[in-house]
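data19.cif follows (mmCIF, C-alpha atoms and all ligand atoms):
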```cif
data_data
#
loop_
_atom_site.group_PDB
_atom_site.id
_atom_site.type_symbol
_atom_site.label_atom_id
_atom_site.label_comp_id
_atom_site.auth_asym_id
_atom_site.auth_seq_id
_atom_site.Cartn_x
_atom_site.Cartn_y
_atom_site.Cartn_z
ATOM 1 C CA MET A 1 0.636 20.753 -6.173
ATOM 2 C CA HIS A 2 1.326 18.138 -3.534
ATOM 3 C CA THR A 3 -1.678 16.010 -2.851
ATOM 4 C CA ALA A 4 -2.338 13.575 -0.053
ATOM 5 C CA LEU A 5 -4.718 11.611 -2.243
ATOM 6 C CA PRO A 6 -3.774 8.539 -4.259
ATOM 7 C CA VAL A 7 -3.458 9.211 -7.996
ATOM 8 C CA LEU A 8 -5.329 6.893 -10.354
ATOM 9 C CA TYR A 9 -4.185 6.671 -13.958
ATOM 10 C CA SER A 10 -7.259 5.482 -15.788
ATOM 11 C CA PHE A 11 -8.830 5.071 -19.185
ATOM 12 C CA ARG A 12 -12.585 5.302 -19.306
ATOM 13 C CA ARG A 13 -13.305 2.365 -21.605
ATOM 14 C CA CYS A 14 -10.636 -0.037 -20.306
ATOM 15 C CA PRO A 15 -12.388 -2.903 -18.517
ATOM 16 C CA TYR A 16 -9.508 -3.251 -16.056
ATOM 17 C CA ALA A 17 -9.611 0.447 -15.195
ATOM 18 C CA MET A 18 -13.386 0.184 -14.886
ATOM 19 C CA ARG A 19 -13.197 -2.529 -12.258
ATOM 20 C CA ALA A 20 -10.672 -0.497 -10.273
ATOM 21 C CA ARG A 21 -12.955 2.552 -10.409
ATOM 22 C CA PHE A 22 -15.960 0.481 -9.319
ATOM 23 C CA ALA A 23 -14.101 -0.598 -6.188
ATOM 24 C CA LEU A 24 -12.938 2.959 -5.486
ATOM 25 C CA VAL A 25 -16.564 4.097 -5.744
ATOM 26 C CA ALA A 26 -17.838 1.258 -3.544
ATOM 27 C CA SER A 27 -15.216 1.925 -0.896
ATOM 28 C CA GLY A 28 -15.640 5.685 -1.034
ATOM 29 C CA GLN A 29 -11.877 5.994 -1.463
ATOM 30 C CA ARG A 30 -11.092 9.441 -2.807
ATOM 31 C CA CYS A 31 -8.353 9.896 -5.331
ATOM 32 C CA GLU A 32 -7.130 12.175 -8.108
ATOM 33 C CA LEU A 33 -8.086 10.642 -11.440
ATOM 34 C CA ARG A 34 -5.851 11.258 -14.435
ATOM 35 C CA GLU A 35 -7.486 10.190 -17.679
ATOM 36 C CA VAL A 36 -4.882 8.686 -19.988
ATOM 37 C CA VAL A 37 -4.726 8.531 -23.773
ATOM 38 C CA LEU A 38 -3.244 5.072 -24.369
ATOM 39 C CA ARG A 39 -1.303 6.071 -27.505
ATOM 40 C CA ASP A 40 0.202 9.072 -25.705
ATOM 41 C CA LYS A 41 0.870 7.959 -22.139
ATOM 42 C CA PRO A 42 2.116 10.601 -19.730
ATOM 43 C CA ALA A 43 5.728 10.356 -18.554
ATOM 44 C CA GLU A 44 4.476 10.332 -14.953
ATOM 45 C CA LEU A 45 2.596 7.078 -15.611
ATOM 46 C CA LEU A 46 5.595 5.462 -17.292
ATOM 47 C CA ALA A 47 7.830 6.521 -14.405
ATOM 48 C CA ALA A 48 5.446 5.032 -11.840
ATOM 49 C CA SER A 49 4.911 1.793 -13.770
ATOM 50 C CA PRO A 50 7.186 0.983 -16.712
ATOM 51 C CA LYS A 51 4.864 -1.811 -17.859
ATOM 52 C CA ALA A 52 2.585 1.043 -18.838
ATOM 53 C CA THR A 53 -0.877 -0.400 -18.554
ATOM 54 C CA VAL A 54 -3.859 1.213 -16.890
ATOM 55 C CA PRO A 55 -5.075 1.291 -14.202
ATOM 56 C CA VAL A 56 -2.210 2.368 -11.970
ATOM 57 C CA LEU A 57 -2.723 3.718 -8.477
ATOM 58 C CA VAL A 58 0.109 5.765 -6.951
ATOM 59 C CA LEU A 59 -0.239 6.051 -3.201
ATOM 60 C CA PRO A 60 0.737 9.152 -1.201
ATOM 61 C CA ASP A 61 3.697 7.241 0.288
ATOM 62 C CA GLY A 62 4.982 6.500 -3.230
ATOM 63 C CA GLY A 63 3.717 2.907 -3.322
ATOM 64 C CA VAL A 64 2.437 1.792 -6.715
ATOM 65 C CA ILE A 65 -0.376 -0.698 -7.385
ATOM 66 C CA ASP A 66 -0.431 -1.545 -11.074
ATOM 67 C CA GLN A 67 -2.835 -4.470 -11.271
ATOM 68 C CA SER A 68 -6.562 -3.764 -11.402
ATOM 69 C CA LEU A 69 -7.537 -6.577 -9.066
ATOM 70 C CA GLN A 70 -4.962 -5.453 -6.508
ATOM 71 C CA ILE A 71 -6.424 -1.939 -6.627
ATOM 72 C CA MET A 72 -9.859 -3.427 -5.925
ATOM 73 C CA LEU A 73 -8.514 -5.442 -2.992
ATOM 74 C CA TRP A 74 -6.583 -2.457 -1.615
ATOM 75 C CA ALA A 75 -9.610 -0.131 -1.704
ATOM 76 C CA LEU A 76 -12.059 -2.690 -0.339
ATOM 77 C CA GLY A 77 -9.552 -3.766 2.307
ATOM 78 C CA ARG A 78 -9.668 -0.192 3.618
ATOM 79 C CA HIS A 79 -13.423 0.214 3.490
ATOM 80 C CA ASP A 80 -16.038 -2.202 2.255
ATOM 81 C CA PRO A 81 -19.463 -0.900 3.270
ATOM 82 C CA GLU A 82 -21.267 -3.038 0.690
ATOM 83 C CA GLY A 83 -19.497 -6.238 1.659
ATOM 84 C CA TRP A 84 -17.856 -6.917 -1.723
ATOM 85 C CA LEU A 85 -15.251 -9.040 0.049
ATOM 86 C CA ARG A 86 -17.932 -10.826 2.082
ATOM 87 C CA PRO A 87 -20.205 -12.338 -0.563
ATOM 88 C CA ALA A 88 -23.471 -13.963 0.406
ATOM 89 C CA ARG A 89 -22.087 -17.269 -0.898
ATOM 90 C CA GLY A 90 -18.514 -18.477 -1.108
ATOM 91 C CA GLY A 91 -15.505 -16.377 -0.250
ATOM 92 C CA VAL A 92 -12.737 -14.225 -1.638
ATOM 93 C CA GLY A 93 -10.673 -17.190 -2.845
ATOM 94 C CA GLU A 94 -13.529 -18.518 -4.964
ATOM 95 C CA MET A 95 -14.227 -15.082 -6.349
ATOM 96 C CA LEU A 96 -10.585 -14.602 -7.308
ATOM 97 C CA ALA A 97 -10.573 -17.992 -9.043
ATOM 98 C CA LEU A 98 -13.533 -16.979 -11.209
ATOM 99 C CA VAL A 99 -11.934 -13.613 -11.982
ATOM 100 C CA ALA A 100 -8.762 -15.473 -13.015
ATOM 101 C CA ASP A 101 -10.826 -17.514 -15.508
ATOM 102 C CA CYS A 102 -12.214 -14.258 -16.883
ATOM 103 C CA ASP A 103 -8.795 -12.595 -17.162
ATOM 104 C CA GLY A 104 -7.227 -15.710 -18.628
ATOM 105 C CA ASP A 105 -8.934 -17.780 -21.281
ATOM 106 C CA PHE A 106 -12.122 -15.720 -21.575
ATOM 107 C CA LYS A 107 -10.228 -12.462 -22.171
ATOM 108 C CA GLN A 108 -8.145 -14.185 -24.858
ATOM 109 C CA GLN A 109 -11.286 -15.323 -26.651
ATOM 110 C CA LEU A 110 -12.841 -11.876 -26.245
ATOM 111 C CA ASP A 111 -9.847 -10.140 -27.823
ATOM 112 C CA ARG A 112 -9.822 -12.510 -30.792
ATOM 113 C CA TYR A 113 -13.603 -12.331 -31.244
ATOM 114 C CA LYS A 114 -13.668 -8.540 -31.007
ATOM 115 C CA TYR A 115 -10.518 -7.764 -32.985
ATOM 116 C CA PRO A 116 -9.749 -10.769 -35.236
ATOM 117 C CA GLU A 117 -7.756 -8.466 -37.529
ATOM 118 C CA ARG A 118 -5.234 -7.890 -34.730
ATOM 119 C CA HIS A 119 -4.600 -11.625 -34.346
ATOM 120 C CA PRO A 120 -3.289 -13.213 -37.551
ATOM 121 C CA GLY A 121 -5.276 -16.313 -38.428
ATOM 122 C CA ALA A 122 -7.986 -15.666 -35.838
ATOM 123 C CA ASP A 123 -11.546 -16.576 -36.820
ATOM 124 C CA ALA A 124 -14.071 -14.497 -34.852
ATOM 125 C CA ALA A 125 -16.730 -17.208 -34.940
ATOM 126 C CA VAL A 126 -14.360 -19.771 -33.461
ATOM 127 C CA HIS A 127 -13.334 -17.468 -30.625
ATOM 128 C CA ARG A 128 -16.926 -16.500 -29.926
ATOM 129 C CA ALA A 129 -17.771 -20.190 -29.619
ATOM 130 C CA GLN A 130 -14.810 -20.663 -27.283
ATOM 131 C CA GLY A 131 -16.070 -17.858 -25.039
ATOM 132 C CA VAL A 132 -19.492 -19.450 -24.706
ATOM 133 C CA GLY A 133 -18.426 -21.938 -22.008
ATOM 134 C CA PHE A 134 -17.433 -19.188 -19.584
ATOM 135 C CA LEU A 135 -20.662 -17.256 -20.183
ATOM 136 C CA ALA A 136 -22.849 -20.352 -19.871
ATOM 137 C CA GLY A 137 -21.099 -21.049 -16.558
ATOM 138 C CA LEU A 138 -21.964 -17.555 -15.369
ATOM 139 C CA GLU A 139 -25.603 -18.136 -16.356
ATOM 140 C CA VAL A 140 -25.701 -21.252 -14.150
ATOM 141 C CA ARG A 141 -24.099 -19.395 -11.223
ATOM 142 C CA LEU A 142 -26.517 -16.479 -11.563
ATOM 143 C CA ARG A 143 -29.523 -18.777 -11.487
ATOM 144 C CA GLU A 144 -28.166 -20.683 -8.493
ATOM 145 C CA GLY A 145 -26.975 -17.561 -6.700
ATOM 146 C CA SER A 146 -30.250 -15.638 -7.027
ATOM 147 C CA GLY A 147 -29.100 -12.977 -9.416
ATOM 148 C CA HIS A 148 -25.426 -12.428 -8.646
ATOM 149 C CA LEU A 149 -22.336 -14.562 -9.041
ATOM 150 C CA PHE A 150 -21.847 -15.186 -5.319
ATOM 151 C CA GLY A 151 -25.328 -14.831 -3.912
ATOM 152 C CA ALA A 152 -28.154 -12.356 -3.956
ATOM 153 C CA ARG A 153 -26.130 -9.140 -3.882
ATOM 154 C CA PRO A 154 -23.214 -7.858 -5.953
ATOM 155 C CA ALA A 155 -19.681 -8.562 -4.752
ATOM 156 C CA LEU A 156 -16.153 -8.174 -6.068
ATOM 157 C CA ALA A 157 -16.472 -10.855 -8.742
ATOM 158 C CA ASP A 158 -19.582 -9.308 -10.302
ATOM 159 C CA LEU A 159 -17.976 -5.926 -10.822
ATOM 160 C CA ALA A 160 -14.583 -7.347 -11.803
ATOM 161 C CA ILE A 161 -16.099 -9.532 -14.536
ATOM 162 C CA ALA A 162 -19.038 -7.488 -15.841
ATOM 163 C CA PRO A 163 -16.964 -5.040 -17.968
ATOM 164 C CA PHE A 164 -15.567 -7.970 -19.965
ATOM 165 C CA VAL A 165 -18.949 -9.641 -20.413
ATOM 166 C CA ARG A 166 -20.325 -6.310 -21.574
ATOM 167 C CA GLN A 167 -17.636 -6.057 -24.251
ATOM 168 C CA PHE A 168 -18.372 -9.584 -25.415
ATOM 169 C CA ALA A 169 -22.129 -8.822 -25.532
ATOM 170 C CA GLN A 170 -21.581 -5.658 -27.544
ATOM 171 C CA VAL A 171 -19.608 -7.236 -30.377
ATOM 172 C CA ASP A 172 -22.859 -8.642 -31.804
ATOM 173 C CA ALA A 173 -25.798 -7.610 -29.632
ATOM 174 C CA ALA A 174 -28.338 -9.586 -31.689
ATOM 175 C CA TRP A 175 -26.347 -12.786 -31.258
ATOM 176 C CA PHE A 176 -26.002 -12.196 -27.501
ATOM 177 C CA GLU A 177 -29.752 -11.552 -27.188
ATOM 178 C CA ALA A 178 -30.471 -14.834 -28.915
ATOM 179 C CA GLN A 179 -28.487 -16.947 -26.429
ATOM 180 C CA PRO A 180 -30.314 -18.911 -23.697
ATOM 181 C CA TRP A 181 -28.911 -16.639 -20.997
ATOM 182 C CA PRO A 182 -31.760 -14.591 -19.467
ATOM 183 C CA ALA A 183 -30.126 -14.398 -16.041
ATOM 184 C CA LEU A 184 -26.850 -13.180 -17.555
ATOM 185 C CA ARG A 185 -28.618 -10.503 -19.593
ATOM 186 C CA GLU A 186 -30.589 -9.287 -16.568
ATOM 187 C CA TRP A 187 -27.423 -9.231 -14.410
ATOM 188 C CA LEU A 188 -25.610 -7.188 -17.043
ATOM 189 C CA ARG A 189 -28.543 -4.849 -17.556
ATOM 190 C CA ALA A 190 -28.984 -4.211 -13.837
ATOM 191 C CA LEU A 191 -25.280 -3.617 -13.203
ATOM 192 C CA THR A 192 -24.665 -1.387 -16.199
ATOM 193 C CA THR A 193 -27.674 0.839 -15.520
ATOM 194 C CA GLY A 194 -27.084 1.131 -11.765
ATOM 195 C CA ALA A 195 -25.834 4.304 -10.086
ATOM 196 C CA PRO A 196 -22.361 2.956 -9.145
ATOM 197 C CA TRP A 197 -21.647 1.964 -12.751
ATOM 198 C CA LEU A 198 -22.780 5.316 -14.070
ATOM 199 C CA ARG A 199 -20.763 7.194 -11.431
ATOM 200 C CA ALA A 200 -17.640 5.245 -12.321
ATOM 201 C CA THR A 201 -17.905 5.672 -16.078
ATOM 202 C CA LEU A 202 -18.291 9.442 -16.452
ATOM 203 C CA LYS A 203 -16.276 11.017 -19.234
ATOM 204 C CA TYR A 204 -13.271 13.187 -18.382
ATOM 205 C CA PRO A 205 -10.872 15.097 -20.621
ATOM 206 C CA PRO A 206 -7.344 13.691 -20.903
ATOM 207 C CA TRP A 207 -5.055 14.761 -18.070
ATOM 208 C CA ARG A 208 -2.221 17.130 -18.934
ATOM 209 C CA SER A 209 1.046 17.074 -17.032
ATOM 210 C CA GLY A 210 1.285 19.885 -14.520
ATOM 211 C CA GLU A 211 -2.468 20.202 -14.185
ATOM 212 C CA PRO A 212 -4.560 18.719 -11.400
ATOM 213 C CA GLY A 213 -6.608 15.634 -12.243
ATOM 214 C CA VAL A 214 -10.277 15.354 -11.356
ATOM 215 C CA ALA A 215 -11.672 14.412 -7.974
ATOM 216 C CA PHE A 216 -12.880 10.830 -7.998
ATOM 217 C CA PRO A 217 -15.370 9.415 -7.121
ATOM 218 C CA PRO A 218 -17.480 12.278 -8.442
ATOM 219 C CA ALA A 219 -19.799 14.024 -5.976
HETATM 220 N N1 LIG B 1 -3.283 -7.062 -15.825
HETATM 221 C C1 LIG B 1 -3.528 -5.650 -15.999
HETATM 222 C C2 LIG B 1 -4.039 -5.411 -17.396
HETATM 223 C C3 LIG B 1 -4.303 -3.954 -17.701
HETATM 224 C C4 LIG B 1 -4.394 -3.680 -19.211
HETATM 225 O O1 LIG B 1 -4.011 -4.520 -20.033
HETATM 226 N N2 LIG B 1 -4.884 -2.485 -19.595
HETATM 227 C C5 LIG B 1 -4.872 -2.114 -20.992
HETATM 228 C C6 LIG B 1 -6.024 -1.223 -21.378
HETATM 229 S S1 LIG B 1 -7.588 -2.010 -21.243
HETATM 230 C C7 LIG B 1 -3.625 -1.290 -21.263
HETATM 231 O O2 LIG B 1 -3.298 -0.391 -20.500
HETATM 232 N N3 LIG B 1 -2.914 -1.604 -22.349
HETATM 233 C C8 LIG B 1 -1.719 -0.893 -22.702
HETATM 234 C C9 LIG B 1 -1.851 -0.198 -24.006
HETATM 235 O O3 LIG B 1 -2.884 -0.342 -24.658
HETATM 236 O O4 LIG B 1 -0.914 0.522 -24.369
HETATM 237 C C10 LIG B 1 -4.516 -5.191 -14.918
HETATM 238 O O5 LIG B 1 -5.308 -6.013 -14.442
HETATM 239 O O6 LIG B 1 -4.488 -4.021 -14.506
#
```

As structure tokens, please, write out the structure in this file.
Ligand SMILES: N[C@@H](CCC(=O)N[C@@H](CS)C(=O)NCC(=O)O)C(=O)O
Amino acid sequence: MHTALPVLYSFRRCPYAMRARFALVASGQRCELREVVLRDKPAELLAASPKATVPVLVLPDGGVIDQSLQIMLWALGRHDPEGWLRPARGGVGEMLALVADCDGDFKQQLDRYKYPERHPGADAAVHRAQGVGFLAGLEVRLREGSGHLFGARPALADLAIAPFVRQFAQVDAAWFEAQPWPALREWLRALTTGAPWLRATLKYPPWRSGEPGVAFPPA
């Protein structure tokens, strides 16, 4: 079947794929979603993007966008009814800088805190402590910005970063609850229980080559 819609290779629980799906939902950009099993990636994904990470968006003209943040910017650049690229405070450059901090050092600490066994010599407690600075910084921003990272309403940075904060929070929920971060907890709670989050995190069966994917965003 030839389709005029972009094809999104996605994995439900991947925080990078989540942020791409959030932007596709916010922009109303329709696509064909193909749920991937990471240990058994489809040949079509590998052909489109040999680096073989999700998310990957294949455009109808054959163009390939294989970085989650670029998928967000592409979708929102086409249609941005909620103003995710026009935050109430600051601008896109500042948002991208904060996302880079998340994807850089914070993600490293998260991986070593969550899966110390995959990183020889890693001590979970040390990496948790090293992730605290980023989270405490978010708490300050949320208090100053009246509830969101760049002002009073959600923007690109909130949805790009929240999936990673959620993973960090879930490693040891009791520890996270005990931290002096009420604004961060409320931000996470509100985002993760909101309709856009729920719409973007529905469960789909793995895609099989030759079969159509599912229409995304869901109706
Ligand atoms: N920089 C990439 C990172 C994407 C990424 O690392 N995704 C993980 C899943 S969360 C992945 O596909 N890993 C490859 C694998 O597990 O085989 C992006 O922003 O899209």

Identify all residues satisfying the PyMOL selection byres (((not hetatm)) within 6 of (chain B and resi 1)) in the given file; provide them as a PDB file with C-alpha atoms, keeping the file's coordinate frame.
```pdb
ATOM      1  CA  CYS A  14     -10.636  -0.037 -20.306  1.00  0.00           C
ATOM      2  CA  PRO A  15     -12.388  -2.903 -18.517  1.00  0.00           C
ATOM      3  CA  TYR A  16      -9.508  -3.251 -16.056  1.00  0.00           C
ATOM      4  CA  LEU A  38      -3.244   5.072 -24.369  1.00  0.00           C
ATOM      5  CA  THR A  53      -0.877  -0.400 -18.554  1.00  0.00           C
ATOM      6  CA  VAL A  54      -3.859   1.213 -16.890  1.00  0.00           C
ATOM      7  CA  PRO A  55      -5.075   1.291 -14.202  1.00  0.00           C
ATOM      8  CA  ASP A  66      -0.431  -1.545 -11.074  1.00  0.00           C
ATOM      9  CA  GLN A  67      -2.835  -4.470 -11.271  1.00  0.00           C
ATOM     10  CA  SER A  68      -6.562  -3.764 -11.402  1.00  0.00           C
ATOM     11  CA  LEU A  69      -7.537  -6.577  -9.066  1.00  0.00           C
TER      12      LEU A  69
END
```

So that I can check the surroundings of A:Gly63, please list as a ChimeraX atom specification every protein, DNA and RNA residue that reaches within 12 Å of it, counting all atoms listed in the file and ignoring chain neighbours fewer than 5 positions away.
/A:6-7,48-49,56-58,71,74

Could you list the residues chosen by the PyMOL selection byres (((chain A and resi 89-101) around 8) and not hetatm) in this structure as a PyMOL selection string?
chain A and resi 85-88+102-106+134+145+150-151+156-157+160-161

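Contact shell of A:Val132 at 10 Å (all atoms listed in the file; same-chain neighbours under 3 positions omitted): Phe106, Gln109, His127, Arg128, Ala129, Leu135, Ala136, Gly137, Leu138, Phe168 and Gln179 of chain A.
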
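Nearest to A:Trp197 of all the residues A:Glu177, A:Asp172, A:Asp111, A:Asp158 is A:Asp158, counting all atoms listed in the file.
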
Give the answer as one residue: which of A:Ala162, A:Ala52, A:His119, A:Ala169 has the shortest atom-to-atom distance to A:Arg39, using all atoms listed in the file?
A:Ala52

Padding 5 Å on each side, edges along x, y and z: where is the centre of the box around the listed atoms of stretch 111-119 of chain A, and how long are its edges in Å to one decimal? Output it as JSON.
```
{"center_x": -9.1, "center_y": -10.1, "center_z": -32.7, "size_x": 19.1, "size_y": 14.7, "size_z": 19.7}
```

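The coordinates place atom CA of A:Arg19 at 17.9 Å from atom CA of A:Gln108.
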
Neighbours of point (-8.6, -3.3, -1.1) within 10 Å, using all atoms listed in the file, written as a list in words:
Ala20, Ala23, Leu24, Ser27, Gln29, Leu69, Gln70, Ile71, Met72, Leu73, Trp74, Ala75, Leu76, Gly77, Arg78, His79, Asp80, Trp84 and Leu85 of chain A

Using the selection just defined, write its residues with C-alpha atoms as a short mmCIF file (atom, residue, chain, number, x, y, z; two decimals), in the frame of the given file.
```
data_model
loop_
_atom_site.label_atom_id
_atom_site.label_comp_id
_atom_site.auth_asym_id
_atom_site.auth_seq_id
_atom_site.Cartn_x
_atom_site.Cartn_y
_atom_site.Cartn_z
CA ALA A 20 -10.67 -0.50 -10.27
CA ALA A 23 -14.10 -0.60 -6.19
CA LEU A 24 -12.94 2.96 -5.49
CA SER A 27 -15.22 1.92 -0.90
CA GLN A 29 -11.88 5.99 -1.46
CA LEU A 69 -7.54 -6.58 -9.07
CA GLN A 70 -4.96 -5.45 -6.51
CA ILE A 71 -6.42 -1.94 -6.63
CA MET A 72 -9.86 -3.43 -5.92
CA LEU A 73 -8.51 -5.44 -2.99
CA TRP A 74 -6.58 -2.46 -1.62
CA ALA A 75 -9.61 -0.13 -1.70
CA LEU A 76 -12.06 -2.69 -0.34
CA GLY A 77 -9.55 -3.77 2.31
CA ARG A 78 -9.67 -0.19 3.62
CA HIS A 79 -13.42 0.21 3.49
CA ASP A 80 -16.04 -2.20 2.26
CA TRP A 84 -17.86 -6.92 -1.72
CA LEU A 85 -15.25 -9.04 0.05
#
```

Can you work out the spacing between atom CA of A:Ser209 and atom CA of A:Glu35 in Å, to one decimal?
11.0 Å

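Atom CA of A:Pro196 sits 11.8 Å away from atom CA of A:Ala219.
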
A:Trp175, A:Trp181, A:Trp207, A:Phe22: which is nearest A:Leu45, counting only C-alpha atoms?
A:Trp207

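Compared by their closest atoms to A:Gly83, and using all atoms listed in the file, the residues A:Leu202, A:Phe11, A:Arg166, A:Arg153 rank with A:Arg153 nearest.
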
Pick from A:Val165, A:Ala26, A:Ala43, A:Ala17 nearest to A:Gly210, counting all atoms listed in the file:
A:Ala43

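Each of A:His148, A:Trp187, A:Ala195, A:Gly133 was compared to A:Pro218 using all atoms listed in the file, and A:Ala195 turns out to be the nearest.
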